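The structure appears below as structure tokens.
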Amino acid sequence: MTKTATKATLKSHLDHNGLKNGDVRIKGVDRRRTEKNGSRSFYREEAFEQAPMYVAVMTYLGFGIVTLFGYFRDFLRAVGIEKRNLAQEREEQKHFVPLYQDFENFYTRNLYMRVRDNWNRPICSVPGPVFDVMERVSDDYNWTFRLTGKTLENVINMGSYNYLGFAENNTDFLKTVASTTSEYGVGVCSTRQEMGNLSIHEELEQLVADFLGVESTMTFGMGFATNSMNIPALVGKGCLILSDELNHTSLILGARLSGATIRVFKHNNMHSLEKMLREAVCSGQPRTHRPWRKILIMVEGIYSMEGSVVRLPEIIALKKKYKAYLYLDEAHSVGAVGPTGRGVTELFDVNPADVDVMMGTFTKSFGAAGGYIAGKKTLVDYLRTHSHSAVYASAMCPAIIEQIIRVIKCIMGTDGSTEGIRRIHQLAENTRYFRARLKEMGYIIYGNDDSPVVPILLYMPGKVVAFAREMLSRKIGVVVVGFPATPITEARARFCLSAAHTRPMLDQVLHHLDEVGDNLCLKFSRQKYSYKPDCHDETDYELDS
């Protein structure tokens, strides 16, 4: 792909929408169908309902009032009436280049600090379906906290990425992890290139390759660094990265560190992506108009803030049409979607070989830490010698490796049990039930029906704070997210479903959500929805004995 597509390639069988002949669009819902050996897989509905106009007006008005009060408080600090809590320049250094930009910290000191108690809450138990939260209070409006010594026990955990419930402390399941720790110790204290390459590292990489159906894989000790440190090894100056506008920070950082030209296309919008691909092919690099050395499309399997699923078949079609490369981040999708947990490639029944670089993490569905890069053997061999994360980072902890190995064997069924496939099906059932009930209540939720990431739109800053505090008072732990992590008018609560959640747990959460939604007036949806259990093909859920 050192050169881009020719004019003949531009006249492909794909239409302007990037849809194949077998794709259908029914009542505004994309249901992309791929047929292989008579089987079909459907792309479930993705909802991005717009809020009523008054909600947007009230949201902007709320931020405006808070901002005005922020400027007033800054005036009080300037005249010495209110105490300054943030770091500031000393008087004798006022002519120096400033270390602390006062205005840039405006949002932190005037908005975030007032509601900081809703984040970074300390827990003191395993982050399973329930956990214990350490109580803390603040005597200075959230600038500092102190622990009271009390514990809020058995809080239902609706925020952790524990999709399959493998973040657990069941001693029967962790026997192999304990024995590996006894044999190898806890730390390796070296890189894989030096004295840190253990036999279980190679066993894990072969197992991950078999699980994903690819030629080779390489594992890393940190999921974030898997993206940020490997992307610069794949592209550089003279290359073009086409990045989805909602990609994770690790992908964005890796793209910036690479030195490649970055262009952002609209989220999951094939019109936008194809337009950029066509322009890149026809115009080449700026000024010189030379062909791009590489064109790399970067997307995620499941987007962690939207709950949406990548339109993988269409992106693969565009990638082939314009001779580009595809980088797929499956941090939230591997283990969580697909009939056997193999991610979005299995969900859409596409060939893993059509994805040039498959990335994933072990921090979510596998209840461990680290990440992997998977693909052709030539790709992995190249990264072993050119990736900063491979050359300089310490090797993965043996106990973590064994945790990942035992989880993958459980999912694949090679441990002689059906526990793994049971958890995958339980997660799918929990996801569809929870999403359907929220729609029935009248909440606006984002994302795909198959996605265990469920964002509930709250919009107004005051309601975000009230929602988080009220849910915790009802022993339900939630994650709330607002500007600048989301658009200013789309603050939300992000729920993460788990296979470890029982139906009574979900019903308890839904009961409180129904009450809190009425009390805080959070049910903004104008669509009518009636919950009906899905009728699934029985063979999809048959467990081998």
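By convention in this document, the chains of the structure tokens carry letters A, B, ... by their order, each chain's residues are numbered from 1, and ligands are numbered from 1 in the order they are shown.
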
For this session: Fewer than 2 positions away in the same chain doesn't count, so skip those; otherwise give me all residues within 12 Å of Ala51 of chain A, counting only C-alpha atoms, as a list of chain:residue names.
Result: A:Phe48, A:Glu49, A:Met53, A:Tyr54, A:Val55, A:Ala56, A:Val57, A:Met58, A:Thr59, A:Gly442, A:Tyr443, A:Ile444, A:Ile445, A:Tyr446, A:Ile456, A:Leu457, A:Leu458, A:Tyr459, A:Met460, A:Thr489, A:Glu490, A:Ala491, A:Leu522, A:Lys523, A:Phe524, A:Ser525, A:Arg526, A:Gln527

Can you write out the residues you just picked, keeping N, CA, C and O atoms, as a JSON list (two decimals), in the first residue's frame?
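File part.json, as written:
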[["chain", "number", "residue", "atom", "x", "y", "z"],
["A", 48, "PHE", "N", -29.54, 7.03, 18.98],
["A", 48, "PHE", "CA", -28.93, 8.31, 19.34],
["A", 48, "PHE", "C", -30.02, 9.38, 19.29],
["A", 48, "PHE", "O", -29.97, 10.34, 18.54],
["A", 49, "GLU", "N", -31.03, 9.18, 20.14],
["A", 49, "GLU", "CA", -32.17, 10.09, 20.15],
["A", 49, "GLU", "C", -31.76, 11.47, 20.64],
["A", 49, "GLU", "O", -30.99, 11.61, 21.59],
["A", 53, "MET", "N", -35.66, 20.48, 22.68],
["A", 53, "MET", "CA", -34.93, 21.73, 22.61],
["A", 53, "MET", "C", -34.77, 22.40, 23.98],
["A", 53, "MET", "O", -33.72, 22.96, 24.29],
["A", 54, "TYR", "N", -35.80, 22.30, 24.82],
["A", 54, "TYR", "CA", -35.73, 22.99, 26.11],
["A", 54, "TYR", "C", -34.61, 22.41, 26.98],
["A", 54, "TYR", "O", -34.04, 23.11, 27.82],
["A", 55, "VAL", "N", -34.29, 21.11, 26.78],
["A", 55, "VAL", "CA", -33.23, 20.49, 27.56],
["A", 55, "VAL", "C", -31.88, 21.11, 27.21],
["A", 55, "VAL", "O", -31.07, 21.44, 28.09],
["A", 56, "ALA", "N", -31.64, 21.30, 25.91],
["A", 56, "ALA", "CA", -30.39, 21.93, 25.49],
["A", 56, "ALA", "C", -30.29, 23.36, 26.00],
["A", 56, "ALA", "O", -29.23, 23.81, 26.46],
["A", 57, "VAL", "N", -31.42, 24.09, 25.94],
["A", 57, "VAL", "CA", -31.42, 25.48, 26.42],
["A", 57, "VAL", "C", -31.12, 25.53, 27.91],
["A", 57, "VAL", "O", -30.29, 26.33, 28.37],
["A", 58, "MET", "N", -31.76, 24.67, 28.69],
["A", 58, "MET", "CA", -31.53, 24.65, 30.13],
["A", 58, "MET", "C", -30.11, 24.21, 30.48],
["A", 58, "MET", "O", -29.52, 24.68, 31.45],
["A", 59, "THR", "N", -29.53, 23.31, 29.66],
["A", 59, "THR", "CA", -28.16, 22.87, 29.89],
["A", 59, "THR", "C", -27.19, 24.01, 29.70],
["A", 59, "THR", "O", -26.31, 24.25, 30.54],
["A", 442, "GLY", "N", -38.41, 5.46, 29.66],
["A", 442, "GLY", "CA", -38.40, 6.78, 29.05],
["A", 442, "GLY", "C", -37.07, 7.49, 29.09],
["A", 442, "GLY", "O", -36.98, 8.67, 28.77],
["A", 443, "TYR", "N", -36.00, 6.77, 29.47],
["A", 443, "TYR", "CA", -34.66, 7.35, 29.44],
["A", 443, "TYR", "C", -34.16, 7.41, 27.99],
["A", 443, "TYR", "O", -34.49, 6.56, 27.16],
["A", 444, "ILE", "N", -33.35, 8.41, 27.70],
["A", 444, "ILE", "CA", -32.61, 8.44, 26.44],
["A", 444, "ILE", "C", -31.28, 7.74, 26.67],
["A", 444, "ILE", "O", -30.49, 8.17, 27.52],
["A", 445, "ILE", "N", -31.05, 6.66, 25.97],
["A", 445, "ILE", "CA", -29.79, 5.94, 26.08],
["A", 445, "ILE", "C", -29.13, 5.86, 24.71],
["A", 445, "ILE", "O", -29.82, 5.88, 23.68],
["A", 446, "TYR", "N", -27.83, 5.78, 24.71],
["A", 446, "TYR", "CA", -27.07, 5.71, 23.46],
["A", 446, "TYR", "C", -26.55, 4.29, 23.25],
["A", 446, "TYR", "O", -26.44, 3.49, 24.18],
["A", 456, "ILE", "N", -26.68, 6.67, 29.90],
["A", 456, "ILE", "CA", -27.96, 7.33, 30.12],
["A", 456, "ILE", "C", -27.72, 8.83, 30.07],
["A", 456, "ILE", "O", -26.92, 9.36, 30.84],
["A", 457, "LEU", "N", -28.40, 9.53, 29.19],
["A", 457, "LEU", "CA", -28.18, 10.96, 29.01],
["A", 457, "LEU", "C", -28.88, 11.74, 30.13],
["A", 457, "LEU", "O", -30.09, 11.58, 30.35],
["A", 458, "LEU", "N", -28.09, 12.58, 30.82],
["A", 458, "LEU", "CA", -28.59, 13.41, 31.92],
["A", 458, "LEU", "C", -28.60, 14.89, 31.55],
["A", 458, "LEU", "O", -29.37, 15.66, 32.11],
["A", 459, "TYR", "N", -27.70, 15.29, 30.68],
["A", 459, "TYR", "CA", -27.62, 16.63, 30.09],
["A", 459, "TYR", "C", -27.21, 17.72, 31.07],
["A", 459, "TYR", "O", -26.11, 18.26, 30.96],
["A", 460, "MET", "N", -28.03, 18.08, 32.01],
["A", 460, "MET", "CA", -27.81, 19.28, 32.83],
["A", 460, "MET", "C", -26.80, 19.02, 33.93],
["A", 460, "MET", "O", -26.86, 17.98, 34.60],
["A", 489, "THR", "N", -23.39, 19.53, 26.04],
["A", 489, "THR", "CA", -24.83, 19.29, 26.22],
["A", 489, "THR", "C", -25.17, 17.82, 26.38],
["A", 489, "THR", "O", -26.35, 17.46, 26.36],
["A", 490, "GLU", "N", -24.17, 16.95, 26.53],
["A", 490, "GLU", "CA", -24.45, 15.51, 26.57],
["A", 490, "GLU", "C", -23.80, 14.83, 27.77],
["A", 490, "GLU", "O", -23.22, 13.76, 27.65],
["A", 491, "ALA", "N", -23.89, 15.43, 28.95],
["A", 491, "ALA", "CA", -23.43, 14.77, 30.17],
["A", 491, "ALA", "C", -24.27, 13.52, 30.39],
["A", 491, "ALA", "O", -25.45, 13.48, 30.05],
["A", 522, "LEU", "N", -35.64, 13.06, 34.67],
["A", 522, "LEU", "CA", -34.57, 12.66, 33.76],
["A", 522, "LEU", "C", -35.08, 11.85, 32.57],
["A", 522, "LEU", "O", -34.28, 11.47, 31.71],
["A", 523, "LYS", "N", -36.37, 11.61, 32.49],
["A", 523, "LYS", "CA", -36.90, 10.77, 31.42],
["A", 523, "LYS", "C", -37.31, 11.66, 30.25],
["A", 523, "LYS", "O", -38.47, 12.10, 30.14],
["A", 524, "PHE", "N", -36.34, 11.91, 29.37],
["A", 524, "PHE", "CA", -36.53, 12.88, 28.30],
["A", 524, "PHE", "C", -37.00, 12.27, 26.98],
["A", 524, "PHE", "O", -37.31, 12.98, 26.04],
["A", 525, "SER", "N", -37.05, 10.95, 26.89],
["A", 525, "SER", "CA", -37.36, 10.31, 25.61],
["A", 525, "SER", "C", -38.81, 10.59, 25.21],
["A", 525, "SER", "O", -39.73, 10.57, 26.04],
["A", 526, "ARG", "N", -38.99, 10.83, 23.92],
["A", 526, "ARG", "CA", -40.33, 11.06, 23.37],
["A", 526, "ARG", "C", -40.81, 9.87, 22.56],
["A", 526, "ARG", "O", -41.85, 9.94, 21.91],
["A", 527, "GLN", "N", -40.06, 8.76, 22.62],
["A", 527, "GLN", "CA", -40.43, 7.57, 21.86],
["A", 527, "GLN", "C", -41.15, 6.58, 22.77],
["A", 527, "GLN", "O", -40.81, 6.43, 23.94]]

Problem set entry | Polymer residues at most 7 Å from Ile302 of chain A, only C-alpha atoms, same-chain spacing of 4 or more positions, as a ChimeraX atom specification | /A:307-310,330,332-333

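Atom CA of Asn197 of chain A sits 21.3 Å away from atom CA of Val407 of chain A.
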
For this session: Choose the residue, out of A:Gly238, A:Gly128, A:Gly165, A:Arg474, that has the smallest atom-to-atom separation from Glu419 of chain A; count only C-alpha atoms.
Result: A:Gly165

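Interatomic distance, atom CA of Lys275 of chain A to atom CA of Leu318 of chain A: 10.5 Å.
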
Exercise. Which residues in segment 172-289 of chain A does DSSP call strand (DSSP E)? List them as a count of residues only.
Worked result: 15

Exercise. Skipping near chain neighbours, those fewer than 5 positions away, what residues fall within 6 Å of segment 354-358 of chain A using only C-alpha atoms, listed as a ChimeraX atom specification?
Worked result: /A:326-328,373-375

Identify, with DSSP run on backbone atoms, the residues in segment 350-433 of chain A assigned to alpha helix (DSSP H), and express the list as a compact mmCIF listing (two decimals) with N, CA and C atoms, in the first residue's frame.
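As a result, states03.txt now contains:
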# COMPACT_ATOMS: atom_id res chain seq x y z
N LYS A 377 2.14 -12.64 11.19
CA LYS A 377 3.40 -12.87 11.89
C LYS A 377 4.44 -11.82 11.53
N THR A 378 4.44 -11.36 10.30
CA THR A 378 5.40 -10.32 9.90
C THR A 378 5.18 -9.03 10.68
N LEU A 379 3.92 -8.69 10.94
CA LEU A 379 3.59 -7.50 11.72
C LEU A 379 4.11 -7.64 13.15
N VAL A 380 3.83 -8.76 13.78
CA VAL A 380 4.21 -8.97 15.17
C VAL A 380 5.73 -9.02 15.32
N ASP A 381 6.39 -9.70 14.40
CA ASP A 381 7.86 -9.77 14.45
C ASP A 381 8.47 -8.38 14.30
N TYR A 382 7.88 -7.55 13.48
CA TYR A 382 8.37 -6.18 13.32
C TYR A 382 8.23 -5.40 14.62
N LEU A 383 7.07 -5.53 15.29
CA LEU A 383 6.84 -4.79 16.52
C LEU A 383 7.75 -5.26 17.66
N ARG A 384 8.16 -6.50 17.64
CA ARG A 384 9.03 -7.00 18.71
C ARG A 384 10.35 -6.24 18.77
N THR A 385 10.78 -5.71 17.65
CA THR A 385 12.06 -5.00 17.62
C THR A 385 11.92 -3.50 17.46
N HIS A 386 10.73 -3.02 17.10
CA HIS A 386 10.56 -1.59 16.84
C HIS A 386 9.62 -0.88 17.81
N HIS A 388 8.46 0.67 21.24
CA HIS A 388 9.04 1.13 22.50
C HIS A 388 8.49 0.34 23.68
N SER A 389 7.22 -0.02 23.62
CA SER A 389 6.62 -0.77 24.71
C SER A 389 7.21 -2.17 24.82
N ALA A 390 7.63 -2.73 23.69
CA ALA A 390 8.22 -4.06 23.71
C ALA A 390 9.67 -4.04 24.17
N VAL A 391 10.39 -3.00 23.78
CA VAL A 391 11.83 -2.95 24.03
C VAL A 391 12.15 -2.45 25.43
N TYR A 392 11.38 -1.48 25.93
CA TYR A 392 11.76 -0.81 27.17
C TYR A 392 10.87 -1.13 28.37
N PRO A 398 3.84 -12.65 36.08
CA PRO A 398 3.41 -14.04 35.87
C PRO A 398 2.01 -14.34 36.39
N ALA A 399 1.65 -13.78 37.54
CA ALA A 399 0.31 -14.04 38.09
C ALA A 399 -0.77 -13.48 37.16
N ILE A 400 -0.52 -12.31 36.58
CA ILE A 400 -1.47 -11.72 35.63
C ILE A 400 -1.59 -12.60 34.39
N ILE A 401 -0.45 -13.11 33.93
CA ILE A 401 -0.46 -13.98 32.75
C ILE A 401 -1.33 -15.20 33.00
N GLU A 402 -1.16 -15.82 34.15
CA GLU A 402 -1.93 -17.03 34.46
C GLU A 402 -3.42 -16.71 34.58
N GLN A 403 -3.76 -15.54 35.12
CA GLN A 403 -5.16 -15.14 35.18
C GLN A 403 -5.75 -15.05 33.78
N ILE A 404 -5.01 -14.46 32.84
CA ILE A 404 -5.51 -14.33 31.46
C ILE A 404 -5.63 -15.71 30.81
N ILE A 405 -4.63 -16.55 31.03
CA ILE A 405 -4.65 -17.90 30.45
C ILE A 405 -5.85 -18.69 30.94
N ARG A 406 -6.10 -18.64 32.24
CA ARG A 406 -7.22 -19.43 32.78
C ARG A 406 -8.56 -18.88 32.30
N VAL A 407 -8.66 -17.56 32.08
CA VAL A 407 -9.91 -16.98 31.58
C VAL A 407 -10.13 -17.38 30.12
N ILE A 408 -9.09 -17.28 29.29
CA ILE A 408 -9.26 -17.64 27.88
C ILE A 408 -9.60 -19.12 27.74
N LYS A 409 -8.95 -19.97 28.52
CA LYS A 409 -9.27 -21.40 28.47
C LYS A 409 -10.71 -21.63 28.91
N CYS A 410 -11.17 -20.86 29.87
CA CYS A 410 -12.55 -20.99 30.33
C CYS A 410 -13.52 -20.55 29.23
N ILE A 411 -13.21 -19.45 28.55
CA ILE A 411 -14.07 -18.98 27.46
C ILE A 411 -14.09 -19.97 26.30
N MET A 412 -12.93 -20.51 25.97
CA MET A 412 -12.83 -21.46 24.85
C MET A 412 -13.37 -22.84 25.21
N GLU A 419 -18.47 -22.84 31.73
CA GLU A 419 -18.65 -21.62 32.51
C GLU A 419 -18.42 -20.37 31.67
N GLY A 420 -17.40 -20.42 30.81
CA GLY A 420 -17.09 -19.25 30.00
C GLY A 420 -18.21 -18.89 29.06
N ILE A 421 -18.72 -19.87 28.31
CA ILE A 421 -19.79 -19.58 27.35
C ILE A 421 -21.07 -19.20 28.09
N ARG A 422 -21.27 -19.75 29.29
CA ARG A 422 -22.44 -19.37 30.08
C ARG A 422 -22.37 -17.89 30.44
N ARG A 423 -21.19 -17.42 30.82
CA ARG A 423 -21.04 -16.01 31.20
C ARG A 423 -21.25 -15.10 29.99
N ILE A 424 -20.76 -15.51 28.82
CA ILE A 424 -20.95 -14.69 27.62
C ILE A 424 -22.43 -14.54 27.31
N HIS A 425 -23.16 -15.64 27.39
CA HIS A 425 -24.60 -15.57 27.11
C HIS A 425 -25.34 -14.80 28.20
N GLN A 426 -24.89 -14.93 29.46
CA GLN A 426 -25.52 -14.18 30.53
C GLN A 426 -25.32 -12.68 30.36
N LEU A 427 -24.13 -12.29 29.93
CA LEU A 427 -23.86 -10.87 29.67
C LEU A 427 -24.77 -10.35 28.57
N ALA A 428 -24.92 -11.11 27.49
CA ALA A 428 -25.79 -10.69 26.39
C ALA A 428 -27.23 -10.55 26.87
N GLU A 429 -27.68 -11.48 27.68
CA GLU A 429 -29.05 -11.42 28.20
C GLU A 429 -29.23 -10.22 29.12
N ASN A 430 -28.26 -9.99 30.01
CA ASN A 430 -28.35 -8.85 30.92
C ASN A 430 -28.37 -7.52 30.15
N THR A 431 -27.54 -7.46 29.11
CA THR A 431 -27.42 -6.23 28.32
C THR A 431 -28.74 -5.89 27.65
N ARG A 432 -29.34 -6.84 26.99
CA ARG A 432 -30.57 -6.58 26.26
C ARG A 432 -31.73 -6.28 27.21
N TYR A 433 -31.78 -6.98 28.32
CA TYR A 433 -32.84 -6.74 29.31
C TYR A 433 -32.72 -5.35 29.90

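Straight-line separation from atom CA of Thr418 of chain A to atom CA of Pro339 of chain A: 13.3 Å.
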
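The shortest atom-to-atom distance to Gln193 of chain A, with only C-alpha atoms taken into account, belongs to A:Ala393 out of A:Leu472, A:Val299, A:Ala393, A:Met505.
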
Quick one: everything within 9 Å of segment 106-112 of chain A, counting only C-alpha atoms, minus sequence neighbours fewer than 4 positions away in the same chain. Send it as a PDB file with all heavy atoms, in the first residue's frame.
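Ended up saving to part_13.pdb:
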ATOM      1  N   VAL A  66     -23.236  28.799  36.227  1.00  0.00           N
ATOM      2  CA  VAL A  66     -22.076  28.312  36.984  1.00  0.00           C
ATOM      3  C   VAL A  66     -20.815  29.064  36.582  1.00  0.00           C
ATOM      4  O   VAL A  66     -19.967  29.396  37.424  1.00  0.00           O
ATOM      5  CB  VAL A  66     -21.904  26.793  36.768  1.00  0.00           C
ATOM      6  CG1 VAL A  66     -20.605  26.305  37.410  1.00  0.00           C
ATOM      7  CG2 VAL A  66     -23.083  26.040  37.353  1.00  0.00           C
ATOM      8  N   THR A  67     -20.681  29.376  35.290  1.00  0.00           N
ATOM      9  CA  THR A  67     -19.503  30.103  34.817  1.00  0.00           C
ATOM     10  C   THR A  67     -19.477  31.529  35.378  1.00  0.00           C
ATOM     11  O   THR A  67     -18.422  32.025  35.791  1.00  0.00           O
ATOM     12  CB  THR A  67     -19.494  30.144  33.277  1.00  0.00           C
ATOM     13  OG1 THR A  67     -19.480  28.803  32.773  1.00  0.00           O
ATOM     14  CG2 THR A  67     -18.257  30.870  32.765  1.00  0.00           C
ATOM     15  N   PHE A  69     -20.815  32.585  38.182  1.00  0.00           N
ATOM     16  CA  PHE A  69     -20.436  32.488  39.584  1.00  0.00           C
ATOM     17  C   PHE A  69     -18.952  32.179  39.728  1.00  0.00           C
ATOM     18  O   PHE A  69     -18.304  32.611  40.695  1.00  0.00           O
ATOM     19  CB  PHE A  69     -21.270  31.417  40.281  1.00  0.00           C
ATOM     20  CG  PHE A  69     -22.555  31.937  40.863  1.00  0.00           C
ATOM     21  CD1 PHE A  69     -23.736  31.883  40.133  1.00  0.00           C
ATOM     22  CD2 PHE A  69     -22.577  32.498  42.122  1.00  0.00           C
ATOM     23  CE1 PHE A  69     -24.917  32.367  40.653  1.00  0.00           C
ATOM     24  CE2 PHE A  69     -23.754  32.993  42.658  1.00  0.00           C
ATOM     25  CZ  PHE A  69     -24.931  32.928  41.921  1.00  0.00           C
ATOM     26  N   GLY A  70     -18.391  31.422  38.757  1.00  0.00           N
ATOM     27  CA  GLY A  70     -16.959  31.139  38.783  1.00  0.00           C
ATOM     28  C   GLY A  70     -16.133  32.403  38.646  1.00  0.00           C
ATOM     29  O   GLY A  70     -15.139  32.591  39.365  1.00  0.00           O
ATOM     30  N   TYR A  71     -16.526  33.274  37.729  1.00  0.00           N
ATOM     31  CA  TYR A  71     -15.812  34.540  37.572  1.00  0.00           C
ATOM     32  C   TYR A  71     -15.959  35.413  38.824  1.00  0.00           C
ATOM     33  O   TYR A  71     -15.018  36.119  39.225  1.00  0.00           O
ATOM     34  CB  TYR A  71     -16.337  35.292  36.351  1.00  0.00           C
ATOM     35  CG  TYR A  71     -15.766  34.791  35.041  1.00  0.00           C
ATOM     36  CD1 TYR A  71     -16.571  34.145  34.108  1.00  0.00           C
ATOM     37  CD2 TYR A  71     -14.414  34.965  34.750  1.00  0.00           C
ATOM     38  CE1 TYR A  71     -16.053  33.669  32.916  1.00  0.00           C
ATOM     39  CE2 TYR A  71     -13.887  34.500  33.553  1.00  0.00           C
ATOM     40  CZ  TYR A  71     -14.699  33.852  32.644  1.00  0.00           C
ATOM     41  OH  TYR A  71     -14.175  33.382  31.466  1.00  0.00           O
ATOM     42  N   ARG A  73     -16.306  34.306  41.886  1.00  0.00           N
ATOM     43  CA  ARG A  73     -15.437  33.716  42.913  1.00  0.00           C
ATOM     44  C   ARG A  73     -13.970  34.037  42.621  1.00  0.00           C
ATOM     45  O   ARG A  73     -13.173  34.255  43.543  1.00  0.00           O
ATOM     46  CB  ARG A  73     -15.656  32.214  42.987  1.00  0.00           C
ATOM     47  CG  ARG A  73     -17.037  31.824  43.495  1.00  0.00           C
ATOM     48  CD  ARG A  73     -17.254  30.324  43.378  1.00  0.00           C
ATOM     49  NE  ARG A  73     -16.343  29.614  44.267  1.00  0.00           N
ATOM     50  CZ  ARG A  73     -16.609  29.336  45.537  1.00  0.00           C
ATOM     51  NH1 ARG A  73     -17.769  29.725  46.071  1.00  0.00           N
ATOM     52  NH2 ARG A  73     -15.755  28.684  46.293  1.00  0.00           N
ATOM     53  N   ASP A  74     -13.596  34.053  41.351  1.00  0.00           N
ATOM     54  CA  ASP A  74     -12.230  34.445  41.002  1.00  0.00           C
ATOM     55  C   ASP A  74     -11.955  35.885  41.423  1.00  0.00           C
ATOM     56  O   ASP A  74     -10.848  36.220  41.866  1.00  0.00           O
ATOM     57  CB  ASP A  74     -11.999  34.286  39.498  1.00  0.00           C
ATOM     58  CG  ASP A  74     -11.646  32.861  39.120  1.00  0.00           C
ATOM     59  OD1 ASP A  74     -11.490  32.030  40.036  1.00  0.00           O
ATOM     60  OD2 ASP A  74     -11.522  32.576  37.927  1.00  0.00           O
ATOM     61  N   ASN A  85      -6.880  28.002  46.828  1.00  0.00           N
ATOM     62  CA  ASN A  85      -6.483  26.647  47.196  1.00  0.00           C
ATOM     63  C   ASN A  85      -5.540  26.002  46.191  1.00  0.00           C
ATOM     64  O   ASN A  85      -4.769  25.121  46.543  1.00  0.00           O
ATOM     65  CB  ASN A  85      -7.718  25.763  47.355  1.00  0.00           C
ATOM     66  CG  ASN A  85      -8.546  26.141  48.568  1.00  0.00           C
ATOM     67  OD1 ASN A  85      -8.188  25.850  49.698  1.00  0.00           O
ATOM     68  ND2 ASN A  85      -9.666  26.827  48.324  1.00  0.00           N
ATOM     69  N   LEU A  86      -5.596  26.435  44.955  1.00  0.00           N
ATOM     70  CA  LEU A  86      -4.730  25.859  43.935  1.00  0.00           C
ATOM     71  C   LEU A  86      -3.333  26.475  44.003  1.00  0.00           C
ATOM     72  O   LEU A  86      -3.142  27.561  44.536  1.00  0.00           O
ATOM     73  CB  LEU A  86      -5.311  26.069  42.542  1.00  0.00           C
ATOM     74  CG  LEU A  86      -6.476  25.162  42.141  1.00  0.00           C
ATOM     75  CD1 LEU A  86      -6.958  25.512  40.743  1.00  0.00           C
ATOM     76  CD2 LEU A  86      -6.073  23.692  42.200  1.00  0.00           C
ATOM     77  N   ASP A 102      -3.534  30.369  35.208  1.00  0.00           N
ATOM     78  CA  ASP A 102      -4.687  30.556  36.071  1.00  0.00           C
ATOM     79  C   ASP A 102      -5.998  30.331  35.322  1.00  0.00           C
ATOM     80  O   ASP A 102      -6.884  29.629  35.792  1.00  0.00           O
ATOM     81  CB  ASP A 102      -4.643  31.964  36.675  1.00  0.00           C
ATOM     82  CG  ASP A 102      -5.629  32.121  37.821  1.00  0.00           C
ATOM     83  OD1 ASP A 102      -5.563  31.311  38.754  1.00  0.00           O
ATOM     84  OD2 ASP A 102      -6.458  33.039  37.765  1.00  0.00           O
ATOM     85  N   ARG A 116     -16.548  17.280  43.058  1.00  0.00           N
ATOM     86  CA  ARG A 116     -15.493  16.266  42.991  1.00  0.00           C
ATOM     87  C   ARG A 116     -15.791  15.032  43.820  1.00  0.00           C
ATOM     88  O   ARG A 116     -15.188  13.976  43.610  1.00  0.00           O
ATOM     89  CB  ARG A 116     -14.163  16.889  43.441  1.00  0.00           C
ATOM     90  CG  ARG A 116     -12.944  16.056  43.107  1.00  0.00           C
ATOM     91  CD  ARG A 116     -11.680  16.898  43.171  1.00  0.00           C
ATOM     92  NE  ARG A 116     -11.330  17.288  44.520  1.00  0.00           N
ATOM     93  CZ  ARG A 116     -10.344  16.727  45.236  1.00  0.00           C
ATOM     94  NH1 ARG A 116      -9.645  15.729  44.717  1.00  0.00           N
ATOM     95  NH2 ARG A 116     -10.065  17.149  46.443  1.00  0.00           N
ATOM     96  N   TRP A 143     -12.128  20.432  48.354  1.00  0.00           N
ATOM     97  CA  TRP A 143     -10.706  20.625  48.046  1.00  0.00           C
ATOM     98  C   TRP A 143      -9.874  19.511  48.667  1.00  0.00           C
ATOM     99  O   TRP A 143      -8.885  19.070  48.085  1.00  0.00           O
ATOM    100  CB  TRP A 143     -10.240  21.999  48.545  1.00  0.00           C
ATOM    101  CG  TRP A 143     -10.761  23.128  47.720  1.00  0.00           C
ATOM    102  CD1 TRP A 143     -11.860  23.890  47.973  1.00  0.00           C
ATOM    103  CD2 TRP A 143     -10.231  23.599  46.478  1.00  0.00           C
ATOM    104  NE1 TRP A 143     -12.052  24.815  46.972  1.00  0.00           N
ATOM    105  CE2 TRP A 143     -11.056  24.659  46.039  1.00  0.00           C
ATOM    106  CE3 TRP A 143      -9.131  23.237  45.698  1.00  0.00           C
ATOM    107  CZ2 TRP A 143     -10.816  25.363  44.863  1.00  0.00           C
ATOM    108  CZ3 TRP A 143      -8.898  23.941  44.521  1.00  0.00           C
ATOM    109  CH2 TRP A 143      -9.734  24.978  44.117  1.00  0.00           C
TER     110      TRP A 143
END

For this session: Measuring atom to atom with only C-alpha atoms, identify which of A:Arg494, A:Lys83, A:Lys237, A:His511 is nearest to Tyr161 of chain A.
Result: A:Arg494
